[in-house]
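Here is the structure we will look at, set down as structure tokens.
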Amino acid sequence: MTTTFDSPITVDRPDLFIAGEWVAPAGGATVDVIEAATETVLGTAASASSTDVDAAVAAARRALPGWRGRSAVDRAVALDRFASELRARAKTTAVLASRENGMPISLSIGANGYAPSMMVSYYAQLLRENAADDIRPSALGERTVVRHEPVGVVAAITPWNYPQSLAAMKIAPALAAGCTVVLKPSPETALDAYVFADAAVAAGLPAGVLNVLPGGRETGAYLVEHPGVDKVAFTGSTPAGRAIGEVCGRLLRPVTLELGGKSASIVTDDADLSLFAAGLAGVSLVNNGQTCHACTRILAPRSRYADVVEAVTDTVAALTIGDPLDKATQLGPLVTQAQRSRVLDYIDVGRAAGHRLTTGGAVPHGIDTGWYVAPTVFADVDNSARLAQEEVFGPVLTITPYTDDAEAIAIANDSPYGLGGTVWTSDEARGLAIADRIHTGTVGVNHYGLDLAAPFGGVKASGLGRELGPEGMAPYLQTKSIYF
Ligand code: NAD
């Protein structure tokens, strides 16, 4: 086994990051972060209580006038420094996050390592490009100036699966917009979140502009309701998103919700199956299947059904399972024991429903440490089955036959979710025509990969609002029209 980068054995972070200071949690609570591949304690982080949330929100409010009052260019310069400090930490951050959640290092180096600094740089640049006032000829009078003002204090709540990217998708546009942020990361990946605090200190971001408070769901719920918060940005499960959306609705508090998914890959009858097979791991099993936009439903034309089942089965069975820190690993362990139990329970559901298991279906043979599940494929799954309707969040794929494009699109859309999707075809125009009719926030043709410059998000139970691109900054701004 070749380990990619050196990293410390344990990482203890006993304090919270509030108002630019390292502060012991008021209740003295801590959380152990368990390494997914070894099942041992990787480190201990502070865990915030409501008292700490009060202090962090107050710090963010105090910092707001100074930060929003800076010129766009000043803020962009500060963000460039922040990006460069994040970039300097990219390799160790990637290793740390992989150890926390089991993400293969080949993915983590981008998703946890370099993506955050790229996002901060992207929004700093956007800020420079959009610094000028928007002056419009008025329909009635002389002119109207449309100003974009920061919404204020942002509560950013993130899950464990892409802890760095998902935090940066909120922190970067929020800070660029002139907002201040309280970040509450997931307890499972509390340790890597401190990298944002380290980088903020090193970059000289003003105290209180960014506060980092690991904590559990109660801490998150308290933060969402806090009277000092102006906007909530949440990524996580659909049930938690609904609960947060209800609270924000009652409070009339702006909220963006990036939630679960159950996306479909439509393999058309003219698809290049070798291209599809080559993309399968990255599109359908990325991050061990713990990816909101993973295309875990494979829709195969009846005319080529056996070929697709064979291609999926052979590709999945050949994936390299192993240590997430090994560059050759394609599938690492799941994040926690509870997550593995959930996925194994779903595999039992598939068996009990009589779906045809073509590979996997258990803990991989010979691996007795780490929360691994062998990548699993069920064929002949009707789209109404639980396994096709519910988000498993693990390496479990279903294959469903269809007759023509219209039926494939209908099956793809027959889901409570609407986040991603892919079309595999040799005919780009056909791919685009199918993509147009898929009711999701994003679709890939012969590929799926997020683009920093394009909006990402879902419809239906996959959420509200968009992140990334200029659209990802809009939720952190409110407009004010000044009529002359
Ligand atoms: P989760 O909803 O359990 O937790 C996410 C975060 O929210 C954690 O920090 C948690 O402590 C906090 N939280 C939970 N309940 C809360 C509440 N009521 N109020 C405030 N905070 C609360 O999700 P998870 O298990 O950590 O993550 C997996 C889920 O995230 C999957 O459903 C996945 O699809 C989804 N996800 C979505 C996207 C997207 O962009 N659409 C991206 C990644 C993950």
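Ordering of the structure tokens sets the chain letters (A, B, ...), residue numbers begin anew at 1 in every chain, and ligands are numbered from 1 in the order given.
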8 Å contact set for range 393-402 of chain A, only C-alpha atoms, chain neighbours under 5 positions out, as a ChimeraX atom specification: /A:284-285,288-292,296-302,305,309,334,340,343,347,373-383,387-388,407-408
Skipping near chain neighbours, those fewer than 3 positions away, what residues fall within 6 Å of Thr144 in chain A using only C-alpha atoms, listed as a PyMOL selection string? chain A and resi 135-136+138+482-484
Using only C-alpha atoms, which of A:Arg351, A:Arg68, A:Arg356, A:His439 sits nearest Cys179 in chain A?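 Closest residue, counting only C-alpha atoms: A:Arg68.
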List the spatial neighbours of range 444-458 of chain A as an MDAnalysis selection string - criterion: any atom at most 6 Å away, only C-alpha atoms, same-chain residues fewer than 4 positions off excluded. chainID A and resid 418:419 422:424 440 462:463 466:469 471
Report, in Å to a single decimal, how far apart CA of Ala59 in chain A and CA of Val247 in chain A are. 22.9 Å
